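Data block for input10.tsv (TSV, C-alpha atoms):
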chain	number	residue	atom	x	y	z
A	12	MET	CA	168.60	-121.72	9.89
A	13	GLY	CA	170.10	-119.90	6.97
A	14	SER	CA	173.75	-119.09	7.34
A	15	VAL	CA	174.23	-120.62	10.75
A	16	SER	CA	177.17	-122.93	10.56
A	17	LEU	CA	176.59	-126.63	10.89
A	18	ASP	CA	179.43	-126.53	13.35
A	19	PHE	CA	177.45	-124.34	15.75
A	20	ALA	CA	174.29	-126.35	15.20
A	21	GLU	CA	176.12	-129.51	16.12
A	22	PHE	CA	177.70	-127.83	19.13
A	23	TYR	CA	174.31	-126.58	20.31
A	24	ARG	CA	172.66	-129.96	19.99
A	25	SER	CA	175.50	-131.78	21.69
A	26	VAL	CA	175.95	-129.60	24.78
A	27	ARG	CA	172.72	-127.66	25.35
A	28	ASP	CA	171.42	-130.11	27.95
A	29	GLU	CA	174.70	-130.24	29.83
A	30	CYS	CA	174.96	-126.45	29.86
A	31	LEU	CA	171.40	-126.14	31.09
A	32	ARG	CA	172.05	-128.64	33.87
A	33	ALA	CA	175.21	-126.85	34.94
A	34	VAL	CA	173.45	-123.50	35.11
A	35	LEU	CA	170.38	-125.02	36.78
A	36	ALA	CA	172.57	-126.55	39.46
A	37	THR	CA	173.97	-123.09	40.11
A	38	VAL	CA	170.85	-120.89	40.00
A	39	GLY	CA	168.29	-123.42	41.20
A	40	ASP	CA	165.43	-122.34	38.94
A	41	GLN	CA	164.86	-124.08	35.64
A	42	ASP	CA	163.06	-121.23	33.89
A	43	MET	CA	165.76	-118.80	34.82
A	44	ALA	CA	168.47	-121.29	33.88
A	45	GLN	CA	166.84	-121.80	30.50
A	46	GLU	CA	166.70	-118.05	29.86
A	47	LEU	CA	170.32	-117.56	30.85
A	48	VAL	CA	171.56	-120.46	28.75
A	49	ASP	CA	169.54	-119.38	25.72
A	50	GLU	CA	171.02	-115.90	25.87
A	51	ALA	CA	174.51	-117.33	26.28
A	52	PHE	CA	174.06	-119.65	23.29
A	53	ALA	CA	172.78	-116.73	21.21
A	54	ARG	CA	175.93	-114.80	22.01
A	55	ALA	CA	178.01	-117.85	21.23
A	56	CYS	CA	176.26	-118.19	17.90
A	57	ALA	CA	176.82	-114.52	17.11
A	58	SER	CA	180.52	-114.83	17.87
A	59	TRP	CA	180.95	-118.43	16.84
A	60	ARG	CA	184.17	-117.86	14.93
A	61	LYS	CA	185.77	-116.69	18.17
A	62	VAL	CA	183.96	-118.97	20.59
A	63	SER	CA	184.67	-122.08	18.54
A	64	LYS	CA	188.38	-121.52	19.14
A	65	HIS	CA	187.87	-121.44	22.89
A	66	PRO	CA	189.41	-124.50	24.53
A	67	ALA	CA	186.05	-125.33	26.14
A	68	PRO	CA	183.19	-123.63	24.28
A	69	ALA	CA	180.57	-125.21	26.55
A	70	ALA	CA	182.33	-123.70	29.53
A	71	TRP	CA	182.26	-120.34	27.73
A	72	VAL	CA	178.49	-120.68	27.43
A	73	VAL	CA	178.06	-121.57	31.09
A	74	ARG	CA	180.37	-118.78	32.19
A	75	THR	CA	178.46	-116.29	30.03
A	76	ALA	CA	175.16	-117.48	31.47
A	77	LEU	CA	176.45	-117.17	35.02
A	78	ASN	CA	177.82	-113.71	34.28
A	79	GLU	CA	174.40	-112.70	33.04
A	80	ASN	CA	172.90	-114.02	36.25
A	81	ILE	CA	175.30	-111.84	38.23
A	82	SER	CA	174.35	-108.89	36.04
A	83	ARG	CA	170.71	-109.44	36.85
A	84	TRP	CA	171.55	-109.55	40.50
A	85	ARG	CA	173.37	-106.23	40.22
A	86	ARG	CA	170.57	-104.81	38.15
A	87	HIS	CA	168.02	-105.50	40.84
A	88	ARG	CA	170.39	-104.57	43.67
A	89	ARG	CA	169.07	-107.46	45.65
A	90	GLU	CA	169.65	-111.16	45.88
A	91	VAL	CA	168.20	-113.12	43.02
A	92	ALA	CA	165.55	-115.27	44.63
A	93	VAL	CA	166.47	-118.91	44.76
A	94	PRO	CA	164.10	-121.52	46.08
A	95	ASP	CA	164.28	-122.13	49.80
A	96	PRO	CA	166.32	-125.32	50.23
A	97	GLY	CA	164.39	-126.30	53.35
A	98	ARG	CA	161.09	-126.10	51.56
A	99	LEU	CA	162.42	-127.85	48.50
A	100	ALA	CA	163.62	-130.83	50.45
A	101	ASP	CA	160.11	-131.53	51.68
A	102	LEU	CA	158.62	-131.69	48.22
A	103	PRO	CA	157.99	-134.92	46.38
A	104	SER	CA	160.65	-135.60	43.82
A	105	THR	CA	158.33	-135.32	40.85
A	106	ALA	CA	157.26	-131.73	41.41
A	107	GLY	CA	159.90	-129.34	42.63
A	108	ALA	CA	159.23	-125.67	43.16
A	109	THR	CA	162.08	-125.13	40.77
A	110	GLY	CA	159.92	-126.38	37.95
A	111	SER	CA	162.53	-128.97	37.12
A	112	ALA	CA	162.67	-132.72	37.01
A	113	VAL	CA	165.49	-132.84	39.53
A	114	ASP	CA	165.08	-134.67	42.81
A	115	PRO	CA	164.29	-131.74	45.14
A	116	ARG	CA	166.41	-133.22	47.91
A	117	ILE	CA	169.46	-133.12	45.71
A	118	MET	CA	168.60	-129.66	44.44
A	119	ALA	CA	168.10	-128.50	48.03
A	120	ALA	CA	171.49	-129.90	48.99
A	121	LEU	CA	173.11	-128.08	46.08
A	122	LEU	CA	171.39	-124.82	46.95
A	123	ARG	CA	172.70	-125.04	50.48
A	124	LEU	CA	176.23	-124.84	49.10
A	125	PRO	CA	177.87	-121.43	48.77
A	126	ALA	CA	177.60	-120.07	45.24
A	127	ARG	CA	181.24	-120.68	44.33
A	128	GLN	CA	181.08	-124.29	45.48
A	129	ARG	CA	177.95	-124.79	43.39
A	130	GLN	CA	179.74	-123.38	40.36
A	131	VAL	CA	182.67	-125.71	40.86
A	132	VAL	CA	180.37	-128.71	41.23
A	133	ALA	CA	178.42	-127.67	38.14
A	134	LEU	CA	181.50	-127.36	35.97
A	135	ARG	CA	183.13	-130.52	37.26
A	136	VAL	CA	180.05	-132.71	37.26
A	137	PHE	CA	178.04	-131.56	34.27
A	138	LEU	CA	180.73	-130.30	31.91
A	139	ASP	CA	183.33	-132.77	33.10
A	140	LEU	CA	186.00	-130.08	33.24
A	141	ASP	CA	189.26	-130.88	34.96
A	142	THR	CA	190.60	-128.80	37.83
A	143	ASP	CA	192.78	-126.54	35.69
A	144	ARG	CA	190.05	-125.77	33.17
A	145	THR	CA	187.53	-125.15	35.94
A	146	ALA	CA	189.96	-122.77	37.57
A	147	GLU	CA	190.48	-120.98	34.27
A	148	VAL	CA	186.76	-120.61	33.65
A	149	LEU	CA	186.08	-119.28	37.14
A	150	GLY	CA	189.19	-117.13	37.25
A	151	VAL	CA	190.54	-118.70	40.42
A	152	ALA	CA	193.57	-120.82	41.32
A	153	PRO	CA	193.43	-124.60	40.81
A	154	SER	CA	194.03	-125.07	44.53
A	155	THR	CA	190.92	-122.98	45.20
A	156	VAL	CA	188.91	-125.23	42.92
A	157	LYS	CA	190.16	-128.32	44.76
A	158	ALA	CA	189.30	-126.78	48.12
A	159	HIS	CA	185.82	-125.76	47.00
A	160	LEU	CA	185.16	-129.18	45.52
A	161	ALA	CA	186.33	-130.99	48.64
A	162	ARG	CA	184.11	-128.85	50.86
A	163	ALA	CA	181.17	-129.23	48.50
A	164	ILE	CA	181.50	-133.01	48.40
A	165	GLY	CA	181.72	-133.12	52.18
A	166	THR	CA	178.59	-131.06	52.58
A	167	LEU	CA	176.70	-133.01	49.93
A	168	ARG	CA	177.69	-136.28	51.56
A	169	ASP	CA	176.44	-135.08	54.94
A	170	ASP	CA	173.17	-134.02	53.31
A	171	LEU	CA	172.55	-136.87	50.90
A	172	VAL	CA	174.07	-140.04	52.27
A	173	PRO	CA	171.67	-140.32	55.22
A	174	ILE	CA	168.80	-140.03	52.74
A	175	THR	CA	170.08	-142.76	50.47
A	176	GLU	CA	170.81	-144.99	53.46
A	177	GLN	CA	167.25	-144.50	54.70
A	178	GLU	CA	165.93	-145.39	51.27
A	179	ASN	CA	168.07	-148.52	51.12
A	180	GLN	CA	166.81	-149.66	54.52
A	181	SER	CA	163.12	-149.19	53.69
B	26	MET	CA	179.40	-143.92	49.00
B	27	ASN	CA	182.70	-142.58	47.68
B	28	ASP	CA	183.23	-139.23	45.94
B	29	ASP	CA	182.71	-140.60	42.45
B	30	GLU	CA	179.49	-142.32	43.43
B	31	LEU	CA	178.24	-139.15	45.06
B	32	MET	CA	179.00	-137.07	41.98
B	33	THR	CA	177.40	-139.71	39.77
B	34	ALA	CA	174.25	-139.58	41.89
B	35	VAL	CA	174.13	-135.81	41.50
B	36	ARG	CA	174.73	-136.06	37.76
B	37	GLU	CA	172.08	-138.70	37.27
B	38	SER	CA	169.51	-136.72	39.18
B	39	PHE	CA	169.68	-134.11	36.41
B	40	THR	CA	169.27	-136.47	33.47
B	41	GLY	CA	165.62	-135.49	33.10
B	42	VAL	CA	166.58	-131.86	32.56
B	43	ARG	CA	166.60	-131.08	28.85
B	44	SER	CA	166.72	-127.83	26.98
B	45	ALA	CA	163.39	-127.01	25.39
B	46	THR	CA	164.61	-124.17	23.19
B	47	ALA	CA	164.55	-124.66	19.47
B	48	MET	CA	167.66	-123.86	17.50
B	49	GLU	CA	165.72	-121.28	15.47
B	50	ARG	CA	165.06	-119.19	18.54
B	51	ILE	CA	168.74	-119.10	19.44
B	52	VAL	CA	169.62	-118.14	15.89
B	53	SER	CA	166.99	-115.41	15.84
B	54	ARG	CA	168.39	-113.83	18.96
B	55	SER	CA	171.94	-114.18	17.67
B	56	ARG	CA	170.99	-112.21	14.57
B	57	ALA	CA	170.13	-109.23	16.77
B	58	VAL	CA	173.49	-109.53	18.45
B	59	ARG	CA	175.25	-109.75	15.09
B	60	ALA	CA	173.29	-106.79	13.72
B	61	HIS	CA	174.46	-104.71	16.62
B	62	ARG	CA	178.05	-105.67	15.88
B	63	ARG	CA	177.72	-104.85	12.18
B	64	VAL	CA	176.21	-101.46	12.87
B	65	ALA	CA	178.95	-100.60	15.31
B	66	ALA	CA	181.62	-101.70	12.86
B	67	ALA	CA	180.04	-99.68	10.06
B	68	SER	CA	180.00	-96.66	12.32
B	69	ALA	CA	183.68	-97.00	13.11
B	70	VAL	CA	184.55	-97.30	9.43
B	71	GLY	CA	182.34	-94.39	8.41
B	72	ILE	CA	183.75	-92.00	10.91
B	73	GLY	CA	187.30	-93.07	10.23
B	74	GLY	CA	190.26	-94.30	12.12
B	75	ALA	CA	191.00	-90.96	13.68
B	76	ALA	CA	187.62	-90.76	15.31
B	77	ALA	CA	187.74	-94.39	16.34
B	78	ALA	CA	191.01	-93.79	18.10
B	79	ALA	CA	190.14	-90.41	19.49
B	80	VAL	CA	189.14	-89.94	23.06
B	81	ALA	CA	188.59	-86.25	22.51
B	82	VAL	CA	185.02	-85.12	22.21
B	83	SER	CA	183.99	-83.26	19.10
B	84	VAL	CA	181.29	-80.68	19.60
B	85	ALA	CA	179.02	-80.01	16.67
B	86	LEU	CA	177.69	-76.53	16.19
B	87	PRO	CA	173.97	-76.03	16.76
B	88	GLY	CA	172.13	-76.55	13.53
B	89	SER	CA	174.86	-78.58	11.95
B	90	HIS	CA	174.14	-82.04	10.62
B	91	PRO	CA	175.27	-85.26	12.15
B	92	VAL	CA	178.78	-86.27	11.22
B	93	ALA	CA	177.90	-89.54	9.56
B	94	SER	CA	174.86	-91.11	7.99
B	95	TYR	CA	173.96	-93.02	11.06
B	96	PRO	CA	171.86	-94.96	11.92
B	97	PRO	CA	171.46	-96.76	8.60
B	98	ALA	CA	168.32	-96.32	6.58
B	99	SER	CA	166.80	-99.52	7.90
B	100	HIS	CA	166.51	-97.92	11.32
B	101	PRO	CA	164.30	-94.99	12.19
B	102	PRO	CA	166.22	-91.81	12.96
B	103	ALA	CA	167.81	-91.91	16.39
B	104	SER	CA	166.64	-88.38	17.08
B	105	PRO	CA	163.74	-86.31	15.82
B	106	PRO	CA	164.47	-83.56	13.33
B	107	SER	CA	164.05	-80.95	16.02
B	108	GLY	CA	166.99	-82.33	17.94
B	109	VAL	CA	170.13	-80.24	18.17
B	110	PRO	CA	173.30	-82.25	17.70
B	111	GLY	CA	175.34	-82.03	20.85
B	112	VAL	CA	178.30	-84.31	21.19
B	113	ARG	CA	179.09	-87.16	18.86
B	114	LEU	CA	181.66	-89.91	18.95
B	115	ALA	CA	181.83	-93.14	17.03
B	116	ALA	CA	180.63	-94.81	20.19
B	117	TRP	CA	177.69	-92.60	21.04
B	118	THR	CA	175.84	-89.39	20.25
B	119	ILE	CA	174.21	-86.82	22.52
B	120	THR	CA	171.36	-84.83	21.05
B	121	ARG	CA	169.53	-82.07	22.87
B	122	GLN	CA	165.80	-82.09	22.21
B	123	ALA	CA	163.55	-79.06	21.93
B	124	ASP	CA	161.65	-80.09	25.06
B	125	GLY	CA	164.78	-79.98	27.18
B	126	SER	CA	165.38	-83.69	27.17
B	127	ILE	CA	168.67	-85.21	26.11
B	128	GLN	CA	168.93	-88.26	23.90
B	129	VAL	CA	171.95	-90.50	24.06
B	130	THR	CA	172.37	-93.03	21.26
B	131	PHE	CA	174.78	-95.82	22.05
B	132	ARG	CA	176.70	-97.86	19.50
B	133	GLU	CA	179.61	-98.99	21.61
B	134	ALA	CA	180.21	-98.98	25.33
B	135	THR	CA	183.39	-96.94	25.19
B	136	HIS	CA	184.60	-93.46	26.23
B	137	ALA	CA	182.62	-93.51	29.46
B	138	ALA	CA	184.50	-90.56	30.97
B	139	ALA	CA	183.81	-88.41	27.91
B	140	LEU	CA	180.12	-89.30	28.01
B	141	GLN	CA	179.93	-88.61	31.71
B	142	GLY	CA	181.64	-85.25	31.26
B	143	ALA	CA	179.41	-84.25	28.36
B	144	LEU	CA	176.22	-85.13	30.21
B	145	ARG	CA	177.35	-83.37	33.35
B	146	ALA	CA	178.15	-80.32	31.24
B	147	ASP	CA	174.54	-80.48	30.08
B	148	GLY	CA	173.41	-80.39	33.69
B	149	VAL	CA	172.74	-84.07	34.24
B	150	PRO	CA	174.15	-85.43	37.50
B	151	VAL	CA	175.36	-88.75	36.24
B	152	SER	CA	177.86	-91.54	36.73
B	153	VAL	CA	178.90	-93.52	33.66
B	154	THR	CA	180.95	-96.71	33.85
B	155	PHE	CA	181.57	-99.09	30.97
B	156	THR	CA	183.80	-101.43	32.92
B	157	GLY	CA	181.19	-104.06	33.63
B	158	GLN	CA	181.00	-102.70	37.17
B	159	GLN	CA	178.85	-100.05	38.77
B	160	ASN	CA	180.42	-97.06	40.45
B	161	PRO	CA	180.76	-98.29	44.06
B	162	ALA	CA	180.19	-94.76	45.36
B	163	CYS	CA	176.63	-94.73	44.01
B	164	ARG	CA	173.65	-95.65	46.16
B	165	PRO	CA	170.20	-96.47	44.78
B	166	TYR	CA	167.73	-93.65	45.14
B	167	GLY	CA	164.74	-94.12	47.43
B	168	ALA	CA	162.76	-97.22	48.11
B	169	SER	CA	162.30	-97.87	44.41
B	170	GLY	CA	166.01	-98.17	43.90
B	171	SER	CA	165.58	-101.00	41.49
B	172	PRO	CA	166.76	-99.54	38.22
B	173	ALA	CA	165.10	-99.67	34.87
B	174	PHE	CA	167.19	-101.49	32.37
B	175	TRP	CA	167.23	-103.18	29.06
B	176	PRO	CA	167.23	-105.29	26.96
B	177	PHE	CA	165.18	-107.29	29.47
B	178	GLY	CA	163.50	-104.51	31.31
B	179	PRO	CA	160.74	-102.01	30.72
B	180	LYS	CA	160.95	-99.68	27.78
B	181	ALA	CA	160.31	-96.70	29.99
B	182	GLY	CA	161.62	-96.05	33.44
B	183	PRO	CA	158.85	-94.51	35.51
B	184	LEU	CA	161.17	-93.90	38.44
B	185	GLY	CA	160.68	-90.43	39.86
B	186	GLY	CA	158.36	-89.60	37.00
B	187	TYR	CA	159.70	-90.27	33.54
B	188	THR	CA	163.26	-89.41	34.37
B	189	PHE	CA	164.45	-91.47	31.47
B	190	THR	CA	162.69	-93.28	28.68
B	191	HIS	CA	163.61	-95.80	26.09
B	192	PRO	CA	162.21	-94.99	22.67
B	193	LYS	CA	163.10	-98.21	20.93
B	194	ASP	CA	162.31	-101.87	21.05
B	195	ALA	CA	164.44	-103.86	23.37
B	196	TYR	CA	166.67	-105.54	20.83
B	197	ASN	CA	166.88	-102.74	18.30
B	198	THR	CA	170.18	-101.10	17.73
B	199	PRO	CA	171.47	-98.61	18.38
B	200	TYR	CA	170.27	-98.30	21.93
B	201	ALA	CA	168.79	-94.93	22.68
B	202	LEU	CA	168.14	-93.35	26.04
B	203	VAL	CA	166.20	-90.13	26.55
B	204	ILE	CA	167.00	-88.31	29.76
B	205	HIS	CA	164.53	-85.80	31.14
B	206	PRO	CA	166.61	-83.70	33.56
B	207	ALA	CA	163.59	-81.70	34.73
B	208	ALA	CA	161.95	-84.89	35.96
B	209	LEU	CA	164.85	-85.86	38.19
B	210	PRO	CA	163.73	-85.93	41.82
B	211	SER	CA	165.53	-83.57	44.16
B	212	GLY	CA	168.83	-85.05	45.24
B	213	ALA	CA	168.76	-87.75	42.58
B	214	GLY	CA	171.03	-88.46	39.70
B	215	LEU	CA	171.48	-91.17	37.11
B	216	GLN	CA	173.81	-94.07	36.92
B	217	ILE	CA	174.56	-95.58	33.52
B	218	TRP	CA	176.57	-98.74	33.36
B	219	THR	CA	177.11	-101.86	31.32
B	220	SER	CA	177.60	-105.50	31.83
B	221	GLY	CA	179.34	-107.72	29.38
B	222	THR	CA	182.76	-107.28	27.90
B	223	PRO	CA	184.11	-103.80	28.66
B	224	GLY	CA	184.49	-101.84	25.46
B	225	ALA	CA	182.90	-104.51	23.34
B	226	ALA	CA	180.73	-103.42	20.49
B	227	ASP	CA	178.71	-106.58	20.28
B	228	ASN	CA	178.49	-107.93	23.78
B	229	PHE	CA	177.31	-105.39	26.28
B	230	GLN	CA	174.08	-104.54	27.96
B	231	LEU	CA	173.20	-101.11	29.09
B	232	TYR	CA	171.56	-100.30	32.41
B	233	VAL	CA	170.24	-97.08	33.88
B	234	GLY	CA	169.13	-96.41	37.41
B	235	LEU	CA	168.31	-93.57	39.79
B	236	VAL	CA	170.93	-92.93	42.46
B	237	HIS	CA	171.55	-90.41	45.19
B	238	ALA	CA	173.46	-87.49	43.74
B	239	SER	CA	176.84	-86.99	45.38
B	240	PRO	CA	180.23	-85.62	44.38
B	241	GLN	CA	181.71	-89.12	44.39
B	242	CYS	CA	178.94	-90.65	42.32
B	243	THR	CA	177.37	-88.08	40.04
B	244	GLY	CA	179.82	-85.21	40.41
B	245	SER	CA	177.53	-82.88	42.30

Translate the structure described by the file into structure tokens.
Amino acid sequence: MGSVSLDFAEFYRSVRDECLRAVLATVGDQDMAQELVDEAFARACASWRKVSKHPAPAAWVVRTALNENISRWRRHRREVAVPDPGRLADLPSTAGATGSAVDPRIMAALLRLPARQRQVVALRVFLDLDTDRTAEVLGVAPSTVKAHLARAIGTLRDDLVPITEQENQS
Amino acid sequence: MNDDELMTAVRESFTGVRSATAMERIVSRSRAVRAHRRVAAASAVGIGGAAAAAVAVSVALPGSHPVASYPPASHPPASPPSGVPGVRLAAWTITRQADGSIQVTFREATHAAALQGALRADGVPVSVTFTGQQNPACRPYGASGSPAFWPFGPKAGPLGGYTFTHPKDAYNTPYALVIHPAALPSGAGLQIWTSGTPGAADNFQLYVGLVHASPQCTGS
């Protein structure tokens, strides 16, 4: 690895999976999520002196990856294709169209959320950021984060709880 | 199931997701990013503080040599010897080619208005924004409105013929764009924009696309 600091290497090893999960939960496609996260980590590595002073470097990586996803969307001038949640939900949990190991019913429920709610869930759940830090990363007010999270949880509960109850009964 | 249990269920469903990218690959890509930053910094130092701070465009006389020894020797020349130096800033250089094409070599995504003005003066209907946003007045041209771009896109943009081409590898610096004004379809212009940090030397990506020419977008 040459001159790469041990600090960055340790950072990469410790948070790469969490960052990938957060981005995957937002974009819905594992290959795309991997590409976006890799590029974001490369930029973090290139600017590590600056990024390491960020209060939440992992959030910086996720934010950079999501920004890149938005850039791709603008580049193509059309919606970035995400898997159809309805189709995903019907797939067996071992082989999602997303190419990921995630239960497709949970992925489908996440993809039914509006993009901003997905981002809030991703940052809160996978990076364990608090409300203020999530708000800072997304550039919105803390109250907006709380509202998005409450709506997201409500929607996820409506989608997922009946499934888990069915599973418990059978 | 309370909120915490729900979030835990979501979190646990992702535990099988693991990054498959080796550290070496990240480091390799980061070197390209760092190289870009070093080159841009060297350019700013070589040309001097006055040029770095200047918004004014300096026009080189035909036949004169480039202002600074740029790009460095490790890179191939940004323009062929037949090119006529046009406009040069620390951030970018415009070179007119003998075949009528115009090469723009980018080192930093700054001085967008000056670049736009210089290209329009050379007869290119163009919109240039380095704000991280596209000009909202611009509309994609034709059915193939999907722009060519890099570093992830094709090296040549076959939209409307070879309206613009990319003579370098995707991750090489500096970025170079060759515009072929004669190949522009009737009623079309170009839009050049960046994503990433506005004005950053080491964290921007450059995009080019065909748009409908209009006074609000391309100036004519």

Practice prompt. When you get a sec, could you note down which chain B residues fall within 7 Å of chain A, using all atoms listed in the file, as a VMD selection string?
Written response: chain B and resid 28 32 35 to 36 38 to 39 41 to 44 49 51 to 52 54 to 56 58 to 59 171 to 172 220

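Residue nearest B:His136, chosen from B:Ala123, B:Ala116, B:Val149, B:Leu202 and counting only C-alpha atoms: B:Ala116.
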
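Selecting by distance to (180.4, -81.6, 43.0) with a limit of 12 Å and using all atoms listed in the file, one obtains Arg145, Gly148, Val149, Pro150, Val151, Ala238, Ser239, Pro240, Gln241, Cys242, Thr243, Gly244 and Ser245 of chain B.
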
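Atom pair atom CA of B:Ser152 / atom CA of B:Gln216 has a distance of 4.8 Å (rounded to one decimal).
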
Fill in: Å distance separating atom CA of A:Ala126 from atom CA of B:Ala45, one decimal place
25.4 Å

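The space separating atom CA of B:Leu209 from atom CA of B:Val236 comes to 10.3 Å.
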
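If all atoms listed in the file are the atoms counted, then among B:Gln158, B:Val203, B:Leu31, B:Gly212 the closest residue to A:Thr166 is B:Leu31.
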
Which residues, written as a PDB file with C-alpha atoms, in the frame of the given file, have at least one atom at most 7 Å from A:Leu134, with only C-alpha atoms counted and residues fewer than 5 positions away on the same chain left out?
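Result file is around.pdb:
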ATOM      1  CA  ALA A  33     175.210-126.850  34.940  1.00  0.00           C
ATOM      2  CA  ASP A 139     183.330-132.770  33.100  1.00  0.00           C
ATOM      3  CA  LEU A 140     186.000-130.080  33.240  1.00  0.00           C
ATOM      4  CA  THR A 145     187.530-125.150  35.940  1.00  0.00           C
TER       5      THR A 145
END

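Each of A:Ala158, A:Val148, A:Ala163, A:Val62 was compared to A:Leu124 using only C-alpha atoms, and A:Ala163 turns out to be the nearest.
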
Please supply stretch 38-60 of chain A, rebuilt with N, CA and C atoms, as a PDB file, in the frame of the given file.
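Final file, result07.pdb:
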ATOM      1  N   VAL A  38     171.867-121.914  39.683  1.00  0.00           N
ATOM      2  CA  VAL A  38     170.850-120.890  40.000  1.00  0.00           C
ATOM      3  C   VAL A  38     169.616-121.475  40.663  1.00  0.00           C
ATOM      4  N   GLY A  39     169.364-122.767  40.469  1.00  0.00           N
ATOM      5  CA  GLY A  39     168.290-123.420  41.200  1.00  0.00           C
ATOM      6  C   GLY A  39     166.893-123.276  40.612  1.00  0.00           C
ATOM      7  N   ASP A  40     166.752-122.546  39.533  1.00  0.00           N
ATOM      8  CA  ASP A  40     165.430-122.340  38.940  1.00  0.00           C
ATOM      9  C   ASP A  40     165.519-122.665  37.454  1.00  0.00           C
ATOM     10  N   GLN A  41     164.691-123.597  37.009  1.00  0.00           N
ATOM     11  CA  GLN A  41     164.860-124.080  35.640  1.00  0.00           C
ATOM     12  C   GLN A  41     164.483-123.027  34.595  1.00  0.00           C
ATOM     13  N   ASP A  42     163.436-122.263  34.859  1.00  0.00           N
ATOM     14  CA  ASP A  42     163.060-121.230  33.890  1.00  0.00           C
ATOM     15  C   ASP A  42     164.167-120.198  33.738  1.00  0.00           C
ATOM     16  N   MET A  43     164.690-119.783  34.881  1.00  0.00           N
ATOM     17  CA  MET A  43     165.760-118.800  34.820  1.00  0.00           C
ATOM     18  C   MET A  43     166.992-119.391  34.145  1.00  0.00           C
ATOM     19  N   ALA A  44     167.306-120.636  34.499  1.00  0.00           N
ATOM     20  CA  ALA A  44     168.470-121.290  33.880  1.00  0.00           C
ATOM     21  C   ALA A  44     168.299-121.376  32.369  1.00  0.00           C
ATOM     22  N   GLN A  45     167.085-121.704  31.938  1.00  0.00           N
ATOM     23  CA  GLN A  45     166.840-121.800  30.500  1.00  0.00           C
ATOM     24  C   GLN A  45     167.044-120.452  29.816  1.00  0.00           C
ATOM     25  N   GLU A  46     166.529-119.398  30.427  1.00  0.00           N
ATOM     26  CA  GLU A  46     166.700-118.050  29.860  1.00  0.00           C
ATOM     27  C   GLU A  46     168.179-117.686  29.751  1.00  0.00           C
ATOM     28  N   LEU A  47     168.902-117.933  30.824  1.00  0.00           N
ATOM     29  CA  LEU A  47     170.320-117.560  30.850  1.00  0.00           C
ATOM     30  C   LEU A  47     171.110-118.347  29.813  1.00  0.00           C
ATOM     31  N   VAL A  48     170.821-119.622  29.712  1.00  0.00           N
ATOM     32  CA  VAL A  48     171.560-120.460  28.750  1.00  0.00           C
ATOM     33  C   VAL A  48     171.202-120.078  27.318  1.00  0.00           C
ATOM     34  N   ASP A  49     169.940-119.785  27.080  1.00  0.00           N
ATOM     35  CA  ASP A  49     169.540-119.380  25.720  1.00  0.00           C
ATOM     36  C   ASP A  49     170.282-118.116  25.299  1.00  0.00           C
ATOM     37  N   GLU A  50     170.334-117.154  26.199  1.00  0.00           N
ATOM     38  CA  GLU A  50     171.020-115.900  25.870  1.00  0.00           C
ATOM     39  C   GLU A  50     172.512-116.164  25.620  1.00  0.00           C
ATOM     40  N   ALA A  51     173.086-117.018  26.449  1.00  0.00           N
ATOM     41  CA  ALA A  51     174.510-117.330  26.280  1.00  0.00           C
ATOM     42  C   ALA A  51     174.767-118.046  24.955  1.00  0.00           C
ATOM     43  N   PHE A  52     173.893-118.966  24.587  1.00  0.00           N
ATOM     44  CA  PHE A  52     174.060-119.650  23.290  1.00  0.00           C
ATOM     45  C   PHE A  52     173.886-118.663  22.135  1.00  0.00           C
ATOM     46  N   ALA A  53     172.967-117.725  22.284  1.00  0.00           N
ATOM     47  CA  ALA A  53     172.780-116.730  21.210  1.00  0.00           C
ATOM     48  C   ALA A  53     174.051-115.919  21.021  1.00  0.00           C
ATOM     49  N   ARG A  54     174.680-115.559  22.117  1.00  0.00           N
ATOM     50  CA  ARG A  54     175.930-114.800  22.010  1.00  0.00           C
ATOM     51  C   ARG A  54     177.039-115.670  21.419  1.00  0.00           C
ATOM     52  N   ALA A  55     177.018-116.935  21.810  1.00  0.00           N
ATOM     53  CA  ALA A  55     178.010-117.850  21.230  1.00  0.00           C
ATOM     54  C   ALA A  55     177.816-117.986  19.731  1.00  0.00           C
ATOM     55  N   CYS A  56     176.575-118.066  19.327  1.00  0.00           N
ATOM     56  CA  CYS A  56     176.260-118.190  17.900  1.00  0.00           C
ATOM     57  C   CYS A  56     176.712-116.938  17.154  1.00  0.00           C
ATOM     58  N   ALA A  57     176.462-115.784  17.762  1.00  0.00           N
ATOM     59  CA  ALA A  57     176.820-114.520  17.110  1.00  0.00           C
ATOM     60  C   ALA A  57     178.331-114.355  16.981  1.00  0.00           C
ATOM     61  N   SER A  58     179.055-114.947  17.892  1.00  0.00           N
ATOM     62  CA  SER A  58     180.520-114.830  17.870  1.00  0.00           C
ATOM     63  C   SER A  58     181.159-116.205  17.690  1.00  0.00           C
ATOM     64  N   TRP A  59     180.535-117.032  16.901  1.00  0.00           N
ATOM     65  CA  TRP A  59     180.950-118.430  16.840  1.00  0.00           C
ATOM     66  C   TRP A  59     182.378-118.585  16.351  1.00  0.00           C
ATOM     67  N   ARG A  60     182.804-117.732  15.438  1.00  0.00           N
ATOM     68  CA  ARG A  60     184.170-117.860  14.930  1.00  0.00           C
ATOM     69  C   ARG A  60     185.180-117.759  16.088  1.00  0.00           C
TER      70      ARG A  60
END
